[in-house]
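Participant: Enclosed is the structure file coords.cif (mmCIF, C-alpha atoms).
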data_upload
loop_
_atom_site.label_atom_id
_atom_site.label_comp_id
_atom_site.auth_asym_id
_atom_site.auth_seq_id
_atom_site.Cartn_x
_atom_site.Cartn_y
_atom_site.Cartn_z
CA MET A 12 96.94 97.55 52.81
CA THR A 13 98.02 101.17 52.26
CA ALA A 14 100.96 102.70 54.15
CA PRO A 15 98.75 104.87 56.43
CA ALA A 16 96.60 101.82 57.18
CA ARG A 17 99.70 99.81 58.10
CA VAL A 18 100.86 102.62 60.38
CA ARG A 19 97.48 102.74 62.10
CA SER A 20 97.44 98.96 62.43
CA GLY A 21 100.95 98.92 63.90
CA ARG A 22 100.07 101.68 66.34
CA ALA A 23 96.94 99.82 67.42
CA ALA A 24 99.02 96.69 68.02
CA ALA A 25 101.52 98.72 70.08
CA CYS A 26 98.69 100.20 72.15
CA GLY A 27 97.41 96.67 72.72
CA LEU A 28 100.85 95.69 74.00
CA ALA A 29 100.88 98.69 76.35
CA ALA A 30 97.49 97.71 77.75
CA ILE A 31 98.77 94.28 78.84
CA PRO A 32 101.09 95.45 81.67
CA VAL A 33 98.56 98.06 82.78
CA LEU A 34 95.98 95.30 83.26
CA PHE A 35 98.49 93.08 85.07
CA TRP A 36 99.90 95.81 87.29
CA GLY A 37 96.49 97.27 88.07
CA SER A 38 95.40 93.81 89.26
CA SER A 39 98.61 93.08 91.20
CA PHE A 40 97.47 94.63 94.47
CA VAL A 41 94.31 92.54 94.46
CA ALA A 42 96.25 89.37 93.63
CA THR A 43 98.68 90.15 96.45
CA LYS A 44 95.79 90.47 98.92
CA VAL A 45 94.57 87.04 97.82
CA ALA A 46 98.05 85.48 97.96
CA LEU A 47 98.57 86.79 101.50
CA ARG A 48 95.65 84.66 102.68
CA GLY A 49 97.84 81.58 102.33
CA PHE A 50 101.41 82.90 102.17
CA SER A 51 103.56 85.16 104.30
CA PRO A 52 104.81 88.42 102.74
CA TRP A 53 108.30 86.93 102.28
CA ASP A 54 106.78 83.87 100.58
CA VAL A 55 105.04 86.18 98.10
CA VAL A 56 108.23 88.17 97.46
CA GLY A 57 110.35 85.06 96.91
CA LEU A 58 107.93 83.18 94.70
CA ARG A 59 106.97 86.22 92.63
CA SER A 60 110.62 87.12 92.02
CA LEU A 61 111.57 83.56 91.10
CA LEU A 62 108.69 83.11 88.64
CA GLY A 63 109.13 86.54 87.08
CA ALA A 64 112.87 86.10 86.54
CA ALA A 65 112.28 82.66 84.99
CA VAL A 66 109.87 84.13 82.41
CA LEU A 67 112.26 86.97 81.56
CA LEU A 68 115.27 84.65 81.22
CA CYS A 69 113.31 82.40 78.85
CA ALA A 70 112.36 85.44 76.78
CA LEU A 71 115.98 86.61 76.71
CA ALA A 72 117.12 83.19 75.48
CA ALA A 73 114.54 83.33 72.67
CA ARG A 74 115.38 86.90 71.64
CA ARG A 75 117.19 87.05 68.30
CA ALA A 76 117.92 90.74 67.82
CA PRO A 77 119.43 92.38 70.90
CA GLY A 78 119.69 96.15 70.93
CA ALA A 79 122.83 98.25 71.16
CA ASP A 80 124.75 97.77 74.39
CA GLU A 81 127.65 99.93 75.61
CA PRO A 82 128.88 98.66 78.98
CA ARG A 83 131.10 100.87 81.13
CA ARG A 84 132.99 100.48 84.39
CA GLY A 85 130.64 100.68 87.36
CA ASP A 86 127.61 99.39 85.47
CA GLY A 87 127.67 96.11 87.40
CA ALA A 88 127.13 97.86 90.72
CA ARG A 89 124.30 99.99 89.29
CA ILE A 90 122.60 96.95 87.78
CA ALA A 91 122.85 95.16 91.12
CA LEU A 92 121.31 98.22 92.81
CA LEU A 93 118.48 98.19 90.27
CA GLY A 94 117.86 94.53 91.01
CA LEU A 95 117.66 95.12 94.75
CA LEU A 96 115.38 98.15 94.41
CA GLY A 97 113.21 96.56 91.73
CA LEU A 98 112.44 93.23 93.38
CA PRO A 99 113.14 92.54 97.07
CA VAL A 100 112.77 96.13 98.30
CA HIS A 101 109.82 97.09 96.09
CA LEU A 102 107.90 93.84 96.46
CA ALA A 103 108.51 93.57 100.20
CA LEU A 104 107.23 97.11 100.79
CA GLN A 105 104.07 96.34 98.84
CA ALA A 106 103.50 92.89 100.34
CA TRP A 107 103.82 94.15 103.90
CA ALA A 108 101.73 97.23 103.08
CA LEU A 109 98.88 95.07 101.83
CA THR A 110 98.70 93.27 105.16
CA TRP A 111 97.47 96.60 106.57
CA THR A 112 95.87 98.60 103.75
CA SER A 113 93.43 97.97 100.92
CA ALA A 114 94.15 97.16 97.29
CA VAL A 115 92.15 100.23 96.23
CA HIS A 116 94.22 102.60 98.39
CA SER A 117 97.37 101.03 96.97
CA GLY A 118 96.22 101.46 93.39
CA TRP A 119 95.62 105.17 93.82
CA LEU A 120 98.73 105.92 95.87
CA ILE A 121 101.14 104.08 93.56
CA ALA A 122 100.02 106.44 90.79
CA LEU A 123 102.22 109.07 92.46
CA ASN A 124 105.31 107.46 90.89
CA PRO A 125 105.81 110.26 88.30
CA VAL A 126 105.41 112.90 91.02
CA PHE A 127 108.19 111.38 93.12
CA THR A 128 110.36 110.86 90.04
CA SER A 129 110.03 114.48 88.88
CA THR A 130 110.75 115.80 92.37
CA LEU A 131 113.89 113.68 92.79
CA ALA A 132 115.06 114.55 89.26
CA ALA A 133 114.77 118.25 90.09
CA VAL A 134 116.68 117.86 93.36
CA PHE A 135 119.47 115.51 92.24
CA LEU A 136 119.68 115.97 88.45
CA GLY A 137 118.89 119.65 88.17
CA GLU A 138 115.84 119.20 85.95
CA ARG A 139 113.60 122.21 85.53
CA PHE A 140 110.80 122.50 88.07
CA PRO A 141 108.38 125.11 86.67
CA ARG A 142 105.34 126.34 88.53
CA VAL A 143 102.96 124.01 86.70
CA LYS A 144 105.03 121.02 87.84
CA ALA A 145 105.12 122.32 91.42
CA ALA A 146 101.33 122.72 91.28
CA GLY A 147 101.04 119.13 90.04
CA VAL A 148 103.17 117.82 92.91
CA ALA A 149 101.08 119.75 95.46
CA LEU A 150 97.83 118.51 93.88
CA GLY A 151 99.08 114.92 93.77
CA PHE A 152 100.05 114.85 97.43
CA ALA A 153 96.80 116.57 98.41
CA GLY A 154 94.96 113.77 96.64
CA ALA A 155 97.08 111.19 98.47
CA LEU A 156 96.06 112.73 101.81
CA VAL A 157 92.40 112.49 100.80
CA VAL A 158 92.84 108.84 99.79
CA VAL A 159 94.56 107.96 103.08
CA ALA A 160 92.00 109.86 105.19
CA GLY A 161 89.02 108.33 103.38
CA ARG A 162 85.66 108.69 105.08
CA GLU A 163 87.22 108.94 108.55
CA GLY A 164 88.73 112.37 107.96
CA LEU A 165 92.00 113.73 109.32
CA GLY A 166 91.81 111.46 112.36
CA ALA A 167 92.61 108.53 110.07
CA LEU A 168 96.05 110.01 109.36
CA ARG A 169 97.37 108.92 112.75
CA LEU A 170 99.65 105.92 113.10
CA PRO A 171 99.34 102.97 113.20
CA SER A 172 96.25 103.05 110.99
CA THR A 173 98.17 104.63 108.11
CA ARG A 174 101.23 102.35 108.18
CA GLY A 175 100.09 100.33 105.14
CA ASP A 176 99.46 103.46 103.08
CA LEU A 177 102.82 104.89 104.15
CA LEU A 178 104.57 101.73 103.00
CA ILE A 179 102.85 102.01 99.60
CA LEU A 180 104.07 105.61 99.37
CA ALA A 181 107.55 104.35 100.30
CA SER A 182 107.35 101.81 97.48
CA SER A 183 106.39 104.61 95.08
CA LEU A 184 109.40 106.64 96.24
CA ASN A 185 111.60 103.55 95.88
CA TRP A 186 110.39 103.10 92.29
CA ALA A 187 111.25 106.73 91.56
CA VAL A 188 114.82 106.05 92.70
CA TYR A 189 114.85 102.90 90.53
CA THR A 190 113.68 104.98 87.56
CA LEU A 191 116.41 107.59 87.94
CA VAL A 192 119.15 104.95 88.26
CA ALA A 193 117.75 103.12 85.22
CA ARG A 194 117.67 106.33 83.16
CA SER A 195 121.43 106.76 83.34
CA LEU A 196 121.93 103.22 82.04
CA ALA A 197 119.10 102.89 79.52
CA VAL A 198 120.46 105.66 77.27
CA ARG A 199 123.37 103.38 76.23
CA ARG A 200 122.37 99.88 77.33
CA ASP A 201 119.78 97.61 75.73
CA PRO A 202 116.71 98.26 77.96
CA PHE A 203 115.41 94.71 77.81
CA ARG A 204 118.71 93.01 78.61
CA LEU A 205 119.31 95.62 81.31
CA THR A 206 115.96 94.77 82.92
CA VAL A 207 116.60 91.02 82.75
CA ARG A 208 120.05 91.31 84.30
CA ALA A 209 118.84 93.60 87.07
CA LEU A 210 115.83 91.47 87.93
CA SER A 211 117.92 88.29 87.88
CA VAL A 212 120.12 89.83 90.59
CA GLY A 213 117.00 90.93 92.43
CA ALA A 214 115.49 87.44 92.22
CA VAL A 215 118.60 85.87 93.78
CA ALA A 216 118.44 88.40 96.63
CA SER A 217 114.69 87.86 97.06
CA VAL A 218 115.05 84.08 97.28
CA ALA A 219 117.92 84.43 99.78
CA LEU A 220 115.78 86.70 101.98
CA TRP A 221 112.83 84.35 101.59
CA ILE A 222 114.85 81.35 102.77
CA SER A 223 116.30 83.37 105.67
CA LEU A 224 113.20 85.26 106.83
CA GLY A 225 110.23 83.39 105.37
CA ASN A 226 108.99 79.86 105.77
CA PRO A 227 109.23 77.97 102.46
CA GLN A 228 108.17 74.75 104.21
CA SER A 229 104.69 76.21 104.78
CA LEU A 230 103.88 76.36 101.06
CA VAL A 231 101.98 73.08 101.15
CA GLY A 232 99.28 74.70 103.28
CA ALA A 233 98.23 77.29 100.70
CA GLY A 234 95.05 76.79 98.69
CA LEU A 235 94.55 76.74 94.93
CA GLU A 236 93.37 80.35 94.70
CA GLU A 237 96.40 81.56 96.64
CA TRP A 238 98.74 79.59 94.35
CA LEU A 239 97.02 80.96 91.24
CA ALA A 240 97.41 84.48 92.63
CA VAL A 241 101.15 83.95 93.15
CA VAL A 242 101.61 82.54 89.63
CA PHE A 243 99.65 85.51 88.27
CA LEU A 244 101.94 87.89 90.17
CA GLY A 245 105.20 86.22 89.18
CA ALA A 246 104.68 84.99 85.63
CA GLY A 247 102.09 87.64 84.73
CA CYS A 248 102.80 90.91 86.54
CA THR A 249 106.58 90.59 86.76
CA GLY A 250 107.38 88.40 83.74
CA ILE A 251 104.85 89.10 80.99
CA GLY A 252 104.20 92.62 82.26
CA TYR A 253 107.83 93.68 81.80
CA LEU A 254 108.07 91.92 78.45
CA ALA A 255 105.00 93.69 77.06
CA TRP A 256 106.09 97.06 78.46
CA SER A 257 109.54 96.75 76.85
CA ALA A 258 107.99 95.74 73.51
CA ALA A 259 105.53 98.64 73.63
CA LEU A 260 108.33 101.09 74.46
CA GLU A 261 110.10 100.12 71.24
CA ARG A 262 106.98 101.03 69.21
CA LEU A 263 105.45 104.02 71.04
CA GLU A 264 106.87 107.33 72.20
CA ALA A 265 107.33 107.55 75.96
CA GLY A 266 104.70 110.27 76.38
CA THR A 267 102.00 108.15 74.77
CA LEU A 268 103.07 105.10 76.74
CA SER A 269 103.00 106.92 80.07
CA SER A 270 99.37 107.95 79.47
CA PHE A 271 98.34 104.30 79.82
CA GLN A 272 99.33 104.42 83.49
CA PHE A 273 96.35 106.66 84.21
CA VAL A 274 94.13 103.62 83.64
CA GLN A 275 95.96 101.47 86.19
CA PRO A 276 94.17 102.70 89.36
CA LEU A 277 90.81 102.25 87.63
CA VAL A 278 91.76 98.64 86.86
CA THR A 279 92.58 98.15 90.54
CA VAL A 280 89.20 99.53 91.62
CA ALA A 281 87.30 97.30 89.16
CA VAL A 282 89.27 94.11 89.87
CA ALA A 283 89.09 94.66 93.64
CA ALA A 284 85.30 94.96 93.47
CA VAL A 285 84.89 91.81 91.34
CA TRP A 286 87.57 89.51 92.80
CA ILE A 287 87.56 90.27 96.53
CA GLY A 288 84.47 92.43 96.95
CA GLU A 289 86.49 95.45 98.06
CA ARG A 290 84.46 98.62 97.60
CA THR A 291 85.66 102.21 97.39
CA SER A 292 84.07 105.35 98.74
CA GLY A 293 83.32 108.57 96.94
CA THR A 294 85.94 110.33 99.08
CA VAL A 295 88.67 107.93 97.97
CA LEU A 296 87.60 108.30 94.33
CA ALA A 297 87.77 112.09 94.69
CA GLY A 298 91.25 111.80 96.19
CA GLY A 299 92.28 109.50 93.36
CA ALA A 300 91.04 112.04 90.83
CA LEU A 301 93.23 114.69 92.48
CA VAL A 302 96.22 112.33 92.32
CA LEU A 303 95.72 111.76 88.59
CA ALA A 304 95.19 115.47 87.97
CA GLY A 305 98.47 116.21 89.76
CA VAL A 306 100.30 113.52 87.79
CA SER A 307 98.89 114.95 84.55
CA LEU A 308 100.25 118.42 85.37
CA VAL A 309 103.66 116.99 86.25
CA GLN A 310 103.90 115.04 83.00
CA ARG A 311 102.69 117.94 80.84
CA ALA A 312 105.11 120.45 82.34
CA PRO A 313 107.75 121.72 79.86
CA LYS A 314 111.15 120.08 80.14
CA GLY A 315 114.39 121.96 79.89
CA PRO A 316 117.26 121.04 77.59
CA GLY A 317 118.98 119.26 80.45
CA SER A 318 116.08 116.99 81.21
CA VAL A 319 116.46 113.25 81.06
CA GLY A 320 113.94 111.10 79.21
CA ARG A 321 111.58 108.71 80.87
CA ALA A 322 112.93 105.39 82.03
CA ALA A 323 112.58 102.38 79.82
#
Kindly transcribe the structure held in the file into structure tokens.
Facilitator:
Amino acid sequence: MTAPARVRSGRAAACGLAAIPVLFWGSSFVATKVALRGFSPWDVVGLRSLLGAAVLLCALAARRAPGADEPRRGDGARIALLGLLGLPVHLALQAWALTWTSAVHSGWLIALNPVFTSTLAAVFLGERFPRVKAAGVALGFAGALVVVAGREGLGALRLPSTRGDLLILASSLNWAVYTLVARSLAVRRDPFRLTVRALSVGAVASVALWISLGNPQSLVGAGLEEWLAVVFLGAGCTGIGYLAWSAALERLEAGTLSSFQFVQPLVTVAVAAVWIGERTSGTVLAGGALVLAGVSLVQRAPKGPGSVGRAA
């Protein structure tokens, strides 16, 4: 095989790796809807965190070539914060949201992650915020309003009918905070070990909350499909998803990798239709298109010399 052919083959393999988490994460909202038929939201959070951390710890034990790691004072507190934001807070927001909103709405609204991240980076880190990025933020949030309103129009924006969608938006904002905290660590810490340590802390917190607020004794009443959905969420979406994303990040530039996230809402729409028969309207699809257009503008906006790279 010639050198260019090997490069193309390696790039194709890296793109295949990047597609794995997109498929898992795009399906996660549908799997959560199924899991909630037999489990409480805290059951889902606890089980998903436990299974995901177990997969990641096994992968860490099998890893032979750790990356460079430069620990500094204060890193422990930041890693603990990452763990709390990444698992119990993030998963609880989404699990409770999906008791009130649809998987399709969630898939489109979570795509606003880069919009929230860019906005917070401009406010707190002083990153450039050119007009094209501002236009992208405005377009993204306009699309979110269209998704939330759906066919019902502006009347659907009243509480409590929007509480599920608002919780999904809160989870997107929470992930933006997670991303900014992770950025400051990932530039000098091994991204994979950083993720495993953070999510291990998060798993301990999730299980503690589950025991305190959930009802672990009720697990025997869940059906096979609900159990399969939870295993898919924990081992697949949290465990394998993070592993594949980390491996792809080592082989692809961040800009190329981020483009895969545009497929995630489409995966949600397709899986929701097939697995749980959840349909989407033309209005919601139009709103989703506006969201993706806004995200595209935000990600294509020029970055200043003080900008921080994308999170690992």
Participant: I need the output of the PyMOL selection byres ((chain A and resi 64) around 12) for this file as number ranges by chain; which residues are they?
Facilitator: A: 57-63, 65-71, 94, 97-98, 206-218, 244-254
Participant: One number please: atom CA of A:Leu230 to atom CA of A:Val41, in Å, one decimal.
Facilitator: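 Computing it gives 19.9 Å between the two atoms.
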Participant: Given the file above and the PyMOL selection byres ((chain A and resi 96) around 10), which residues are selected, and can you give them as a ChimeraX atom specification?
Facilitator: /A:90-95,97-102,182,185-190,192,209-210,213
Participant: Could those selected residues go to a file with C-alpha atoms, as an mmCIF file, in the coordinates of the input?
Facilitator:
data_model
loop_
_atom_site.group_PDB
_atom_site.id
_atom_site.type_symbol
_atom_site.label_atom_id
_atom_site.label_comp_id
_atom_site.auth_asym_id
_atom_site.auth_seq_id
_atom_site.Cartn_x
_atom_site.Cartn_y
_atom_site.Cartn_z
ATOM 1 C CA ILE A 90 122.600 96.950 87.780
ATOM 2 C CA ALA A 91 122.850 95.160 91.120
ATOM 3 C CA LEU A 92 121.310 98.220 92.810
ATOM 4 C CA LEU A 93 118.480 98.190 90.270
ATOM 5 C CA GLY A 94 117.860 94.530 91.010
ATOM 6 C CA LEU A 95 117.660 95.120 94.750
ATOM 7 C CA GLY A 97 113.210 96.560 91.730
ATOM 8 C CA LEU A 98 112.440 93.230 93.380
ATOM 9 C CA PRO A 99 113.140 92.540 97.070
ATOM 10 C CA VAL A 100 112.770 96.130 98.300
ATOM 11 C CA HIS A 101 109.820 97.090 96.090
ATOM 12 C CA LEU A 102 107.900 93.840 96.460
ATOM 13 C CA SER A 182 107.350 101.810 97.480
ATOM 14 C CA ASN A 185 111.600 103.550 95.880
ATOM 15 C CA TRP A 186 110.390 103.100 92.290
ATOM 16 C CA ALA A 187 111.250 106.730 91.560
ATOM 17 C CA VAL A 188 114.820 106.050 92.700
ATOM 18 C CA TYR A 189 114.850 102.900 90.530
ATOM 19 C CA THR A 190 113.680 104.980 87.560
ATOM 20 C CA VAL A 192 119.150 104.950 88.260
ATOM 21 C CA ALA A 209 118.840 93.600 87.070
ATOM 22 C CA LEU A 210 115.830 91.470 87.930
ATOM 23 C CA GLY A 213 117.000 90.930 92.430
#
Participant: Hey, can you check how far atom CA of A:Leu220 sits from atom CA of A:Ala72?
Facilitator: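 Those two atoms sit 26.8 Å apart.
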Participant: How many Å lie between atom CA of A:Asn226 and atom CA of A:Ala46, rounded to one decimal?
Facilitator: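 Atom CA of A:Ala46 lies 14.6 Å from atom CA of A:Asn226.
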Participant: Please, which residues are within 10 Å of (129.3, 97.5, 74.4) by the file's coordinates, counting all atoms listed in the file, and could they come as a VMD selection string?
Facilitator: chain A and resid 79 to 83 199 to 201
